Amino acid sequence: MRLASLLLFAILLSYQTCAMEPGEIAAPSIKAPNMDMPKPIITSPSMNTPEPKNNPNQTGSTIANQNQVTKAIPNDVSGKWSIRFDDRPDRSLDLTLWSSGRTKVMGYGTLTKGGTGNSVTASGSFAEKELILTVKSAESEYAKEKYEEYDLDLFVVNNTANNTLTGTYILSSGGKFLGDGNARAVKR
C-alpha cells in the first residue's frame, strides 16, 4: 500500500514539473465561433396576380380585355362578409376572412340564429373564382348538442363592385344532414 502511494506521488510530481509557469494563462487553441447573425429581410407577401405582359403578336384591345378580366375577379377575399341563406331567413353569418397562403382562407365570426349570436370559425380555399368554406360553430348551444357546420361553395358574381359571391350550402350537425340551399355573400 505504501508503495502505491509513493508511485502516485511520483506521478503527480512529474506532472507538476511539466506544468506552465505559475500565473501564466494558456491561450486557447480553438478559434471562437462566428456569432454574427445576418440581418433579416422582411417583405410582405403579395397576394395580387401579376399583370399580363405585352406580347408583340397581340393587339392592344386584347391586352386591355385581359386586364379587365383580371381586375373583375377578386383575387383576395380578405375582409368582412355577410352571408344570407335563401331558405333560412332566420339565420345569417357575419365573417371576417383573411388569406393565409396562396389559396388558403381562414376566419371567424358570428352565426345569428333566431336573434341569438354564436361564435364560429371558418377555413377553406379560394381559387379560380370559387370560395369553398367550412364554417363550424365554436361552441354548442347546449351541453350535449352537436356542433353545427355549414359547407359553403360560393362563386364570384360578375359585377363591377367585386363584392358578391353566390352559391350553395349544406348544413349538418354531428355528421347528420340538416338541409341545404342557396346562399349569397356580400362584402361589407
# chains A, B, ... in the order shown; residues from 1 in each chain; ligands from 1

$ residues_around --residues "segment 105-122 of chain A" --least-positions-apart "3" --cutoff "7 Å" --atoms "only C-alpha atoms" --output "ChimeraX atom specification"
/A:90-100,125-126,133-139

$ atom_distance --atom1 "atom CA of Asp87 of chain A" --atom2 "atom CA of Ala183 of chain A"
8.6 Å
